[in-house]
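What follows is entry25.txt (compact mmCIF, C-alpha atoms and all ligand atoms).
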# COMPACT_ATOMS: atom_id res chain seq x y z
CA MET A 1 14.81 3.28 16.42
CA THR A 2 13.51 0.36 18.48
CA GLU A 3 14.72 -3.19 17.98
CA VAL A 4 13.78 -5.24 14.93
CA ILE A 5 10.96 -7.64 15.74
CA LEU A 6 10.39 -9.14 12.30
CA GLU A 7 12.48 -9.37 9.21
CA ALA A 8 11.64 -10.50 5.69
CA ARG A 9 14.73 -11.86 3.95
CA ASP A 10 14.60 -12.02 0.18
CA LEU A 11 11.08 -13.45 0.17
CA VAL A 12 9.98 -15.08 -3.07
CA LYS A 13 6.61 -16.60 -3.92
CA HIS A 14 6.05 -18.04 -7.39
CA TYR A 15 2.71 -19.65 -8.20
CA PRO A 16 2.80 -22.30 -10.93
CA ILE A 17 0.60 -21.73 -13.95
CA LYS A 18 -0.92 -25.05 -14.99
CA THR A 19 -2.49 -25.57 -18.38
CA GLY A 20 -3.96 -28.37 -20.50
CA ILE A 21 -5.65 -31.59 -19.45
CA LEU A 22 -2.41 -32.84 -17.93
CA ARG A 23 -2.15 -29.67 -15.85
CA ARG A 24 1.45 -29.17 -16.86
CA THR A 25 3.29 -26.25 -15.32
CA THR A 26 3.87 -23.85 -18.17
CA GLY A 27 5.15 -20.88 -16.20
CA HIS A 28 5.04 -19.07 -12.89
CA VAL A 29 3.28 -16.01 -11.53
CA LYS A 30 6.05 -14.16 -9.74
CA ALA A 31 3.75 -12.65 -7.11
CA VAL A 32 6.56 -11.75 -4.69
CA ASP A 33 10.04 -11.80 -6.12
CA GLY A 34 12.74 -10.96 -3.63
CA VAL A 35 11.37 -8.68 -0.95
CA SER A 36 13.39 -7.73 2.13
CA PHE A 37 12.54 -5.36 4.95
CA GLU A 38 12.59 -5.14 8.70
CA LEU A 39 9.81 -4.24 11.11
CA HIS A 40 10.61 -2.58 14.43
CA ARG A 41 8.78 -3.19 17.67
CA GLY A 42 5.70 -0.99 17.95
CA GLU A 43 6.07 0.70 14.56
CA THR A 44 3.80 0.80 11.54
CA LEU A 45 5.26 -0.18 8.22
CA GLY A 46 2.94 0.74 5.36
CA ILE A 47 3.05 -1.28 2.15
CA VAL A 48 1.58 0.45 -0.90
CA GLY A 49 1.30 -0.44 -4.55
CA GLU A 50 -1.22 -1.07 -7.28
CA SER A 51 -3.57 -4.01 -7.24
CA GLY A 52 -1.78 -7.24 -8.15
CA CYS A 53 1.72 -6.12 -7.14
CA GLY A 54 1.95 -8.83 -4.47
CA LYS A 55 0.93 -7.06 -1.26
CA SER A 56 -1.52 -9.71 -0.03
CA THR A 57 0.84 -12.52 -0.97
CA LEU A 58 3.53 -10.79 1.09
CA GLY A 59 1.09 -10.56 4.00
CA ARG A 60 0.28 -14.26 3.76
CA LEU A 61 3.99 -15.15 3.66
CA ILE A 62 4.62 -13.15 6.82
CA MET A 63 1.72 -14.92 8.53
CA ARG A 64 3.08 -18.18 7.19
CA LEU A 65 -0.33 -18.92 5.72
CA GLU A 66 1.78 -19.90 2.71
CA GLU A 67 5.29 -21.21 2.36
CA PRO A 68 7.70 -19.03 0.41
CA THR A 69 9.32 -20.41 -2.74
CA SER A 70 12.56 -19.16 -1.19
CA GLY A 71 13.69 -16.68 1.40
CA SER A 72 12.59 -16.51 5.01
CA VAL A 73 10.78 -14.60 7.71
CA VAL A 74 12.66 -14.05 10.94
CA PHE A 75 10.57 -13.26 14.01
CA GLU A 76 12.37 -12.20 17.19
CA GLY A 77 15.57 -13.71 15.87
CA GLN A 78 13.98 -17.05 14.98
CA GLU A 79 13.68 -18.16 11.39
CA MET A 80 10.05 -19.21 10.92
CA GLN A 81 10.83 -21.64 8.12
CA LYS A 82 13.03 -23.62 10.49
CA ALA A 83 10.79 -23.43 13.55
CA SER A 84 9.54 -26.61 15.23
CA THR A 85 5.80 -27.28 15.43
CA GLY A 86 5.77 -26.15 19.05
CA ASP A 87 7.61 -22.91 18.31
CA MET A 88 5.36 -22.33 15.36
CA ARG A 89 2.29 -22.39 17.60
CA THR A 90 3.72 -19.54 19.62
CA LEU A 91 4.76 -17.67 16.49
CA ARG A 92 1.25 -17.97 15.09
CA ARG A 93 -0.09 -16.41 18.23
CA ASP A 94 2.33 -13.52 18.06
CA ILE A 95 1.53 -12.58 14.47
CA GLN A 96 -2.12 -12.04 13.60
CA ILE A 97 -3.96 -10.72 10.57
CA VAL A 98 -6.92 -8.43 9.86
CA PHE A 99 -8.48 -8.82 6.42
CA GLN A 100 -9.96 -6.25 4.10
CA ASP A 101 -13.53 -7.27 3.71
CA PRO A 102 -15.59 -7.06 6.88
CA TYR A 103 -18.53 -8.54 4.93
CA THR A 104 -17.00 -11.85 3.96
CA SER A 105 -14.26 -12.41 6.52
CA LEU A 106 -16.70 -12.99 9.40
CA ASN A 107 -18.72 -16.19 9.54
CA PRO A 108 -22.38 -15.07 9.30
CA ARG A 109 -23.61 -18.03 11.34
CA MET A 110 -21.42 -17.33 14.36
CA THR A 111 -22.16 -14.82 17.08
CA VAL A 112 -19.71 -12.01 17.61
CA GLY A 113 -18.70 -13.62 20.88
CA ASP A 114 -17.84 -16.88 19.12
CA ILE A 115 -15.97 -15.08 16.33
CA ILE A 116 -13.79 -13.06 18.67
CA GLY A 117 -13.37 -16.00 21.06
CA GLU A 118 -12.50 -18.53 18.35
CA PRO A 119 -8.72 -17.99 18.64
CA PHE A 120 -8.97 -19.14 22.28
CA GLU A 121 -10.15 -22.56 21.04
CA ILE A 122 -6.90 -22.89 19.11
CA HIS A 123 -4.74 -21.40 21.87
CA PRO A 124 -6.59 -22.44 25.04
CA ASP A 125 -3.68 -21.50 27.29
CA VAL A 126 -4.09 -17.77 26.62
CA VAL A 127 -7.37 -17.40 28.50
CA PRO A 128 -8.87 -20.18 30.67
CA LYS A 129 -12.30 -21.34 29.57
CA GLY A 130 -14.18 -19.67 32.42
CA GLY A 131 -12.70 -16.28 31.66
CA ARG A 132 -13.30 -16.17 27.92
CA ARG A 133 -16.67 -14.46 27.86
CA ALA A 134 -15.35 -11.68 30.07
CA ARG A 135 -12.25 -11.36 27.89
CA VAL A 136 -14.38 -11.11 24.71
CA GLN A 137 -16.49 -8.39 26.35
CA GLU A 138 -13.31 -6.60 27.34
CA LEU A 139 -12.12 -6.80 23.71
CA LEU A 140 -15.46 -5.49 22.43
CA ASP A 141 -15.13 -2.55 24.78
CA LEU A 142 -11.52 -1.98 23.70
CA VAL A 143 -12.52 -1.64 20.05
CA GLY A 144 -15.42 0.68 20.83
CA LEU A 145 -18.32 -1.79 20.62
CA ASN A 146 -21.01 -2.45 23.19
CA PRO A 147 -19.99 -5.50 25.28
CA GLU A 148 -23.68 -6.37 25.61
CA HIS A 149 -23.83 -7.12 21.90
CA ILE A 150 -21.77 -10.26 22.37
CA ASN A 151 -24.62 -12.53 21.21
CA ARG A 152 -25.40 -10.62 18.02
CA TYR A 153 -24.57 -11.80 14.51
CA PRO A 154 -22.32 -10.01 11.99
CA HIS A 155 -25.27 -8.84 9.84
CA GLN A 156 -26.53 -6.80 12.78
CA PHE A 157 -23.48 -4.55 12.55
CA SER A 158 -22.40 -1.85 10.10
CA GLY A 159 -19.29 -2.19 7.92
CA GLY A 160 -17.14 -0.14 10.30
CA GLN A 161 -18.40 -2.10 13.30
CA ARG A 162 -17.64 -5.38 11.56
CA GLN A 163 -14.10 -4.26 10.93
CA ARG A 164 -13.87 -3.47 14.65
CA ILE A 165 -14.96 -7.07 15.28
CA GLY A 166 -12.20 -8.25 12.90
CA ILE A 167 -9.68 -6.14 14.80
CA ALA A 168 -10.90 -7.43 18.17
CA ARG A 169 -10.38 -10.96 16.89
CA GLY A 170 -6.94 -9.98 15.57
CA ILE A 171 -5.79 -8.70 18.96
CA ALA A 172 -7.51 -11.41 21.06
CA LEU A 173 -4.31 -13.38 21.57
CA ASN A 174 -2.17 -10.33 22.46
CA PRO A 175 -0.06 -10.53 19.31
CA LYS A 176 3.11 -8.51 18.81
CA VAL A 177 2.59 -7.99 15.09
CA LEU A 178 -0.68 -7.36 13.28
CA VAL A 179 -0.69 -7.71 9.51
CA CYS A 180 -3.53 -5.55 8.21
CA ASP A 181 -4.41 -6.28 4.60
CA GLU A 182 -6.41 -3.34 3.25
CA PRO A 183 -8.27 -3.07 6.57
CA VAL A 184 -10.21 0.07 5.66
CA SER A 185 -10.41 -0.13 1.86
CA ALA A 186 -13.98 -1.45 1.85
CA LEU A 187 -15.23 1.26 4.21
CA ASP A 188 -16.67 4.74 3.61
CA VAL A 189 -14.12 7.52 3.97
CA SER A 190 -15.59 8.85 7.22
CA VAL A 191 -15.64 5.37 8.73
CA GLN A 192 -12.09 4.74 7.48
CA ALA A 193 -10.82 7.55 9.68
CA GLN A 194 -12.55 6.12 12.75
CA VAL A 195 -11.08 2.66 12.20
CA VAL A 196 -7.60 4.09 11.53
CA ASN A 197 -7.87 6.12 14.74
CA LEU A 198 -8.89 3.00 16.63
CA MET A 199 -5.86 1.17 15.25
CA GLU A 200 -3.55 3.97 16.36
CA LYS A 201 -5.11 3.95 19.82
CA LEU A 202 -4.65 0.18 20.12
CA GLN A 203 -1.07 0.45 18.96
CA ASN A 204 -0.29 2.99 21.66
CA GLU A 205 -2.02 0.97 24.35
CA LEU A 206 -0.77 -2.48 23.37
CA GLY A 207 2.60 -1.71 21.79
CA LEU A 208 1.65 -3.55 18.58
CA ALA A 209 3.68 -3.38 15.38
CA TYR A 210 1.60 -3.11 12.22
CA ILE A 211 2.26 -4.10 8.67
CA PHE A 212 -0.40 -1.94 7.07
CA ILE A 213 -1.12 -2.95 3.49
CA ALA A 214 -3.18 -0.60 1.32
CA HIS A 215 -3.38 0.91 -2.13
CA ASP A 216 -4.53 4.27 -0.75
CA LEU A 217 -1.45 6.46 -0.29
CA SER A 218 -3.19 8.99 1.97
CA VAL A 219 -4.36 6.38 4.46
CA VAL A 220 -0.91 4.79 4.54
CA ARG A 221 0.76 8.14 5.07
CA HIS A 222 -1.54 8.90 7.97
CA ILE A 223 -0.77 5.76 9.91
CA SER A 224 2.77 4.74 8.88
CA ASP A 225 6.17 5.42 10.42
CA ARG A 226 7.89 3.89 7.43
CA VAL A 227 6.58 3.05 3.98
CA GLY A 228 7.52 0.48 1.33
CA VAL A 229 6.34 0.97 -2.24
CA MET A 230 5.83 -2.24 -4.22
CA TYR A 231 5.81 -2.72 -7.96
CA LEU A 232 5.37 -6.10 -9.66
CA GLY A 233 6.49 -8.25 -6.77
CA LYS A 234 9.43 -6.05 -5.78
CA MET A 235 10.06 -3.21 -3.39
CA ALA A 236 10.77 -0.05 -5.39
CA GLU A 237 11.38 2.33 -2.50
CA LEU A 238 11.54 2.08 1.27
CA GLY A 239 12.00 4.83 3.79
CA THR A 240 10.43 6.84 6.56
CA GLU A 241 7.05 8.37 5.83
CA ASP A 242 8.71 11.77 5.29
CA GLU A 243 11.40 10.40 3.00
CA VAL A 244 8.99 8.51 0.77
CA TYR A 245 6.31 11.21 0.61
CA GLN A 246 8.47 14.31 0.52
CA LEU A 247 11.70 13.16 -1.07
CA PRO A 248 10.72 10.22 -3.26
CA THR A 249 13.55 9.24 -5.58
CA HIS A 250 11.97 6.36 -7.49
CA PRO A 251 10.01 7.38 -10.61
CA TYR A 252 7.22 4.95 -9.75
CA THR A 253 6.71 6.49 -6.31
CA GLN A 254 6.81 9.93 -7.89
CA ALA A 255 4.10 8.94 -10.37
CA LEU A 256 1.91 7.42 -7.65
CA LEU A 257 2.25 10.48 -5.46
CA SER A 258 1.57 12.90 -8.26
CA ALA A 259 -1.85 11.28 -8.63
CA VAL A 260 -2.92 11.85 -5.01
CA PRO A 261 -5.42 14.72 -4.72
CA VAL A 262 -4.00 17.80 -3.00
CA PRO A 263 -6.31 18.94 -0.21
CA ASP A 264 -5.08 22.54 -0.34
CA PRO A 265 -7.02 24.27 -3.17
CA THR A 266 -4.31 26.89 -3.61
CA LEU A 267 -1.97 24.13 -4.75
CA ARG A 268 -4.33 22.61 -7.28
CA GLY A 269 -3.19 23.05 -10.81
CA LYS A 270 0.27 23.93 -9.59
CA ARG A 271 1.48 20.42 -9.65
CA GLN A 272 2.57 18.39 -12.60
CA GLN A 273 0.87 15.08 -12.64
CA ILE A 274 2.75 12.15 -14.02
CA VAL A 275 0.29 9.95 -15.86
CA LEU A 276 1.65 6.48 -16.43
CA VAL A 277 0.22 5.06 -19.59
CA GLY A 278 -0.05 1.37 -20.21
CA ASP A 279 -1.00 -1.42 -17.88
CA VAL A 280 1.17 -3.06 -15.29
CA PRO A 281 3.00 -5.90 -17.09
CA SER A 282 2.05 -9.47 -16.19
CA PRO A 283 3.83 -10.86 -13.12
CA ALA A 284 4.14 -14.11 -15.10
CA ASN A 285 6.47 -12.38 -17.50
CA PRO A 286 7.98 -9.35 -15.78
CA PRO A 287 10.20 -7.00 -17.82
CA SER A 288 13.94 -7.63 -17.68
CA GLY A 289 16.28 -5.46 -15.66
CA CYS A 290 14.23 -2.84 -13.86
CA ARG A 291 10.62 -4.02 -13.90
CA PHE A 292 9.41 -0.48 -14.25
CA HIS A 293 11.35 0.26 -17.43
CA THR A 294 8.39 -0.31 -19.77
CA ARG A 295 6.53 2.58 -18.12
CA CYS A 296 9.36 4.77 -16.90
CA TRP A 297 10.11 8.09 -18.59
CA LYS A 298 13.70 8.01 -17.40
CA ALA A 299 14.51 4.54 -18.69
CA GLN A 300 17.82 4.00 -20.46
CA GLU A 301 19.51 0.96 -21.95
CA VAL A 302 21.06 -0.06 -18.64
CA CYS A 303 17.58 -0.28 -17.07
CA LYS A 304 16.61 -3.08 -19.45
CA VAL A 305 19.57 -5.26 -18.59
CA GLU A 306 20.66 -4.48 -15.07
CA GLU A 307 18.31 -4.83 -12.16
CA PRO A 308 18.64 -1.89 -9.76
CA GLN A 309 19.09 -2.96 -6.14
CA LEU A 310 17.10 -1.57 -3.23
CA VAL A 311 19.93 0.30 -1.53
CA ASP A 312 20.45 3.67 0.12
CA ARG A 313 20.61 6.44 -2.48
CA PRO A 314 20.84 10.21 -1.96
CA ASP A 315 17.47 11.95 -1.70
CA GLY A 316 18.57 15.55 -1.48
CA GLU A 317 18.62 15.72 2.31
CA GLY A 318 20.10 12.38 3.28
CA GLN A 319 19.57 8.98 1.81
CA HIS A 320 17.05 6.16 1.82
CA ARG A 321 16.48 2.92 -0.04
CA SER A 322 15.43 3.12 -3.67
CA ALA A 323 15.67 0.57 -6.48
CA CYS A 324 16.47 2.94 -9.35
CA HIS A 325 19.72 3.46 -11.25
CA PHE A 326 18.84 7.13 -11.65
CA ALA A 327 17.25 7.79 -8.28
CA GLU A 328 16.88 11.51 -7.61
CA PRO A 329 14.37 13.62 -5.74
CA ARG A 330 11.73 15.44 -7.73
CA PRO A 331 9.40 17.98 -6.17
CA ILE A 332 5.99 16.38 -6.23
CA VAL A 333 3.94 19.40 -5.25
CA ASP A 334 5.38 22.68 -6.35
CA THR A 335 4.52 24.70 -3.27
CA VAL A 336 4.46 28.18 -4.74
CA ASP A 337 3.62 30.80 -2.13
CA VAL A 338 0.38 32.36 -3.34
CA SER A 339 -0.68 34.04 -0.11
CA HIS A 340 0.05 37.53 -1.52
CA LEU A 341 -2.37 37.02 -4.45
CA GLU A 342 -6.07 37.83 -4.61
CA PRO A 343 -8.20 34.74 -3.99
CA ASP A 344 -9.28 34.66 -7.65
CA GLU A 345 -5.70 34.70 -8.82
CA ARG A 346 -4.63 31.96 -6.48
CA PHE A 347 -6.62 29.41 -8.40
CA ALA A 348 -5.38 30.43 -11.83
CA THR A 349 -3.20 27.88 -13.53
CA PRO A 350 0.19 29.57 -13.72
CA GLU A 351 1.17 28.43 -17.20
CA VAL A 352 -1.85 30.12 -18.80
CA VAL A 353 -0.83 33.76 -19.02
CA ASP A 354 -2.23 34.71 -22.41
CA PRO A 355 -5.79 36.08 -21.83
CA GLU A 356 -7.00 34.72 -25.18
CA ALA A 357 -5.72 31.28 -24.40
CA ARG A 358 -7.28 31.58 -21.00
CA ALA A 359 -10.74 32.40 -22.43
CA GLU A 360 -10.46 29.49 -24.80
CA ARG A 361 -9.37 27.29 -22.00
CA GLU A 362 -12.32 28.24 -19.84
CA MET A 363 -14.77 27.54 -22.68
CA SER A 364 -13.51 24.08 -23.30
CA ALA A 365 -12.85 23.35 -19.68
CA SER A 366 -16.01 21.42 -19.00
CA GLU A 367 -15.57 19.28 -22.09
CA GLU A 368 -11.96 18.53 -21.40
CA SER A 369 -12.58 17.75 -17.80
CA ARG A 370 -14.30 14.56 -18.84
CA ILE A 371 -11.28 13.50 -20.82
CA ALA A 372 -8.38 14.95 -18.95
CA ALA A 373 -7.38 15.35 -15.40
CA GLY A 374 -10.34 17.13 -13.88
CA ASP A 375 -10.46 20.82 -14.77
CA GLY A 376 -9.31 20.92 -18.34
CA SER A 377 -5.69 21.75 -17.83
CA GLU A 378 -3.56 20.51 -20.62
CA ALA A 379 -1.49 17.42 -20.83
CA VAL A 380 2.07 18.24 -21.67
CA GLU A 381 4.74 16.12 -23.21
CA LEU A 382 7.13 15.01 -20.58
CA PRO A 383 10.58 16.52 -20.79
CA ARG A 384 12.90 13.78 -21.94
CA GLU A 385 15.33 13.00 -19.23
CA HIS A 386 18.30 10.75 -19.65
CA GLY A 387 17.49 10.39 -23.33
CA SER A 388 14.36 8.33 -23.07
CA THR A 389 13.11 6.82 -26.27
CA PRO A 390 10.72 8.53 -28.68
CA GLY A 391 7.20 7.20 -28.52
CA ASP A 392 7.37 7.22 -24.75
CA GLU A 393 3.75 7.47 -23.75
CA THR A 394 4.16 8.93 -20.31
CA ARG A 395 2.75 12.43 -19.94
CA LEU A 396 2.69 15.08 -17.33
CA VAL A 397 -0.63 16.69 -16.64
CA GLY A 398 -0.51 20.05 -14.95
CA ASN A 399 -3.35 19.35 -12.64
CA ASP A 400 -4.23 17.02 -9.87
CA GLU A 401 -7.92 17.34 -9.14
CA GLY A 402 -10.06 14.27 -9.00
CA GLN A 403 -7.19 11.89 -9.36
CA GLY A 404 -7.88 9.70 -6.39
CA GLY A 405 -7.76 5.96 -6.32
CA GLU A 406 -5.36 3.50 -7.77
CA GLU A 407 -6.63 3.90 -11.32
CA GLY A 408 -5.93 7.63 -11.38
CA HIS A 409 -2.37 7.60 -12.57
CA ARG A 410 -3.12 5.17 -15.35
CA ARG A 411 -5.75 7.33 -17.03
CA GLN A 412 -4.81 8.66 -20.39
CA PRO A 413 -4.77 12.39 -20.89
N1 LIG B 1 -2.98 -18.47 -4.95
C1 LIG B 1 -2.58 -17.89 -6.08
N2 LIG B 1 -2.35 -18.60 -7.21
C2 LIG B 1 -1.92 -18.01 -8.34
N3 LIG B 1 -1.66 -16.71 -8.48
C3 LIG B 1 -1.88 -15.93 -7.41
C4 LIG B 1 -2.35 -16.48 -6.15
N4 LIG B 1 -2.46 -15.43 -5.27
C5 LIG B 1 -2.10 -14.34 -5.94
N5 LIG B 1 -1.75 -14.61 -7.20
C6 LIG B 1 -1.26 -13.67 -8.22
O1 LIG B 1 -0.15 -13.01 -7.66
C7 LIG B 1 -0.14 -11.65 -8.00
C8 LIG B 1 -0.12 -10.80 -6.74
O2 LIG B 1 -1.37 -10.93 -6.08
P1 LIG B 1 -1.70 -10.24 -4.69
O3 LIG B 1 -0.64 -10.60 -3.72
O4 LIG B 1 -3.10 -10.60 -4.33
O5 LIG B 1 -1.60 -8.70 -5.04
P2 LIG B 1 -2.20 -7.41 -4.30
O6 LIG B 1 -2.62 -7.80 -2.93
O7 LIG B 1 -1.11 -6.41 -4.32
O8 LIG B 1 -3.36 -6.96 -5.13
C9 LIG B 1 -1.37 -11.42 -8.87
O9 LIG B 1 -0.97 -11.49 -10.21
C10 LIG B 1 -2.25 -12.57 -8.50
O10 LIG B 1 -3.08 -12.91 -9.59
S1 LIG B 2 15.26 5.10 -14.43
FE1 LIG B 2 15.66 2.98 -14.96
S2 LIG B 2 16.10 2.00 -13.02
FE2 LIG B 2 15.09 3.91 -12.54
S3 LIG B 2 12.93 3.35 -12.37
FE3 LIG B 2 13.27 4.07 -14.47
S4 LIG B 2 13.66 2.20 -15.60
FE4 LIG B 2 13.93 1.71 -13.43
MG MG B 3 -4.47 -7.61 -1.97

Just give me the structure as structure tokens.
Amino acid sequence: MTEVILEARDLVKHYPIKTGILRRTTGHVKAVDGVSFELHRGETLGIVGESGCGKSTLGRLIMRLEEPTSGSVVFEGQEMQKASTGDMRTLRRDIQIVFQDPYTSLNPRMTVGDIIGEPFEIHPDVVPKGGRRARVQELLDLVGLNPEHINRYPHQFSGGQRQRIGIARGIALNPKVLVCDEPVSALDVSVQAQVVNLMEKLQNELGLAYIFIAHDLSVVRHISDRVGVMYLGKMAELGTEDEVYQLPTHPYTQALLSAVPVPDPTLRGKRQQIVLVGDVPSPANPPSGCRFHTRCWKAQEVCKVEEPQLVDRPDGEGQHRSACHFAEPRPIVDTVDVSHLEPDERFATPEVVDPEARAEREMSASEESRIAAGDGSEAVELPREHGSTPGDETRLVGNDEGQGGEEGHRRQP
């Protein structure tokens, strides 16, 4: 693997909660609570996790748009928190950000040329004044926009085109790292693919490293070399794309992945979906020990008292980092070979073998589909592993259709 360009060392960001007329600090939102990782030159590190788990805060800390409560960011061997003002100017040029919302992140009163060229006002040494218009046109061309549209305003562009403008602005100063905070989440699926393809093209041409933040696991898988899974301000699992998606060992990752729709119809209904019940606990008062223990079906006493560290743990084929005392691989999609079956049979749910039960199932399918996972397959009680407590609400649902989006895994059967 290439050299490390950026490293997050035990980053913590706590926001004070102020209440009353005196605005006394009564607690802290632990948005990011001890996150460490490294980013290699030219690679894409995906960061996934539910809304509110601290992804954007992490992005802002890396950009140094905010100071960490503790911990540090090291860029090319230099600790950003200790950098002089002069060094910081260079660092700011080398790390740029692309935001999620192409509708609000661009100033509607500025022309596209002024928006993309704005970074040159702050860093005039990058491109001399006379050459800026040409450089902006070059950037427009690079991101697939018409250079002649340099005098147009943001509202004259579509959502996908505006995100291209945001990317052009992000790469204007030739950064080495681009932090992309949900860069395609606000776009239509078809447009998402185009923007992701553009980002891959730019990475190849410019040798950029990306920190790609998103809640959509499929998009992250597509673009990432390595992936970190966040839960409540902490990193639950970190590994290569293959390790995290094929050999996940953390129960939270397994639950998230089990909710991703399977594109192959022959596999639908052949996968057990882990439905996590209950909301994510408040980051102001995170659970003790392992933060996931209130929703984890494998939780034991030790999980409540001892925080599992993010260290290498066996995954069945090798090892990668996972913050679980009982880390073990679990097949996420049971890839039964159905090629020898008739097409009709391929789509049958394997557990329904009794014809009577099947007829009943088909009758109530449409009704159940509104309540359950998508085609009326039944929710089953999760096998109790490691002696989890009675009353555990987590269920497995033997189906995966229609479970896209970050809310999917939280739906009750
Ligand atoms: N400036 C802030 N002040 C107080 N709390 C904040 C601030 N920014 C974020 N938070 C809180 O920190 C937590 C993590 O937020 P965020 O990083 O935006 O998560 P994500 O991007 O994963 O959705 C949330 O509970 C959020 O409400
Ligand atoms: S088994 Fe324990 S340590 Fe592992 S994720 Fe569940 S609660 Fe956390
Ligand atoms: Mg966010």

Write out as a tab-separated table the residues of chain A that have any atom within 12 Å of an atom of ligand LIG 2 (chain B), one row each with the nearest atom pair and its distance in Å to one decimal, counting all atoms listed in the file, sorted by chain and then rising number.
residue	atom	partner	partner_atom	distance
A:Tyr231	CA	B:LIG2	S3	10.3
A:Lys234	CA	B:LIG2	FE4	11.8
A:Met235	CA	B:LIG2	S3	11.5
A:Ala236	CA	B:LIG2	S3	8.1
A:Glu237	CA	B:LIG2	S3	10.0
A:Pro248	CA	B:LIG2	S3	11.6
A:Thr249	CA	B:LIG2	FE2	8.9
A:His250	CA	B:LIG2	S3	5.8
A:Pro251	CA	B:LIG2	S3	5.3
A:Tyr252	CA	B:LIG2	S3	6.5
A:Thr253	CA	B:LIG2	S3	9.2
A:Gln254	CA	B:LIG2	S3	10.0
A:Ala255	CA	B:LIG2	S3	10.6
A:Pro287	CA	B:LIG2	S4	10.1
A:Ser288	CA	B:LIG2	S4	10.1
A:Gly289	CA	B:LIG2	FE4	7.9
A:Cys290	CA	B:LIG2	FE4	4.6
A:Arg291	CA	B:LIG2	FE4	6.6
A:Phe292	CA	B:LIG2	FE4	5.1
A:His293	CA	B:LIG2	S4	3.5
A:Thr294	CA	B:LIG2	S4	7.2
A:Arg295	CA	B:LIG2	S4	7.6
A:Cys296	CA	B:LIG2	FE3	4.7
A:Trp297	CA	B:LIG2	FE3	6.6
A:Lys298	CA	B:LIG2	S1	4.4
A:Ala299	CA	B:LIG2	S4	4.0
A:Gln300	CA	B:LIG2	FE1	6.0
A:Glu301	CA	B:LIG2	FE1	8.2
A:Val302	CA	B:LIG2	FE1	7.2
A:Cys303	CA	B:LIG2	FE1	4.3
A:Lys304	CA	B:LIG2	S4	7.2
A:Val305	CA	B:LIG2	S2	9.8
A:Glu306	CA	B:LIG2	S2	8.2
A:Glu307	CA	B:LIG2	S2	7.2
A:Pro308	CA	B:LIG2	S2	5.7
A:Gln309	CA	B:LIG2	S2	9.0
A:Leu310	CA	B:LIG2	S2	10.5
A:Arg313	CA	B:LIG2	FE2	11.8
A:Ser322	CA	B:LIG2	FE2	8.9
A:Ala323	CA	B:LIG2	S2	6.7
A:Cys324	CA	B:LIG2	FE2	3.6
A:His325	CA	B:LIG2	S2	4.3
A:Phe326	CA	B:LIG2	S1	5.0
A:Ala327	CA	B:LIG2	FE2	6.2
A:Glu328	CA	B:LIG2	FE2	9.2
A:Pro329	CA	B:LIG2	FE2	11.9
A:Arg384	CA	B:LIG2	S1	11.7
A:Glu385	CA	B:LIG2	S1	9.2
A:His386	CA	B:LIG2	S1	8.3
A:Gly387	CA	B:LIG2	S1	10.6
A:Ser388	CA	B:LIG2	S1	9.3
A:Thr389	CA	B:LIG2	S4	11.6
A:Thr394	CA	B:LIG2	FE3	11.9

Ligand MG 3 (chain B) neighbours within 8 Å using only C-alpha atoms and all ligand atoms, as a PDB file with C-alpha atoms, in the frame of the given file:
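In the end it all went to pocket28.pdb:
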ATOM      1  CA  SER A  51      -3.570  -4.010  -7.240  1.00  0.00           C
ATOM      2  CA  GLY A  52      -1.780  -7.240  -8.150  1.00  0.00           C
ATOM      3  CA  GLY A  54       1.950  -8.830  -4.470  1.00  0.00           C
ATOM      4  CA  LYS A  55       0.930  -7.060  -1.260  1.00  0.00           C
ATOM      5  CA  SER A  56      -1.520  -9.710  -0.030  1.00  0.00           C
ATOM      6  CA  THR A  57       0.840 -12.520  -0.970  1.00  0.00           C
ATOM      7  CA  ASP A 181      -4.410  -6.280   4.600  1.00  0.00           C
ATOM      8  CA  GLU A 182      -6.410  -3.340   3.250  1.00  0.00           C
ATOM      9  CA  ILE A 213      -1.120  -2.950   3.490  1.00  0.00           C
ATOM     10  CA  ALA A 214      -3.180  -0.600   1.320  1.00  0.00           C
TER      11      ALA A 214
END

Hey, which of A:Glu67, A:Glu43, A:Glu50, A:Glu38 ends up closest to ligand LIG 1 (chain B)? Count only C-alpha atoms and all ligand atoms. A:Glu50

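Near stretch 6-17 of chain A, within a cut-off of 6 Å and counting only C-alpha atoms, sit the residues Thr25, Thr26, Gly27, His28, Val29, Lys30, Ala31, Val32, Asp33, Gly34, Val35, Ser36, Phe37, Glu38, Leu39, Pro68, Thr69, Ser70, Gly71, Ser72, Val73, Val74 and Phe75 of chain A, with same-chain residues fewer than 6 positions away left out.
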
For ligand LIG 1 (chain B), which residue among A:Leu232, A:Val311, A:Leu91, A:Cys180 is the nearest when counting all atoms listed in the file? A:Leu232

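Each of A:Ser224, A:Gln100, A:Thr240, A:Thr85 was compared to A:Gln192 using only C-alpha atoms, and A:Gln100 turns out to be the nearest.
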
Quick one: residues within 7 Å of A:Tyr210, all atoms listed in the file, excluding same-chain residues fewer than 5 positions away - as a list in words? Glu43, Thr44, Leu45, Val177, Leu178, Val179 and Cys180 of chain A

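Proximity of A:Cys53, A:Met63, A:Leu145, A:Val220 to ligand LIG 1 (chain B), computed with all atoms listed in the file, is greatest for A:Cys53.
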
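Comparing the minimum interatomic distances between ligand LIG 1 (chain B) and each of A:Leu206, A:Val127, A:Val229, A:Ile95, counting all atoms listed in the file, we find that A:Val229 sits nearest.
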
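The gap separating atom CA of A:Arg133 from atom CA of A:Gly86 is 26.8 Å, in Å to one decimal.
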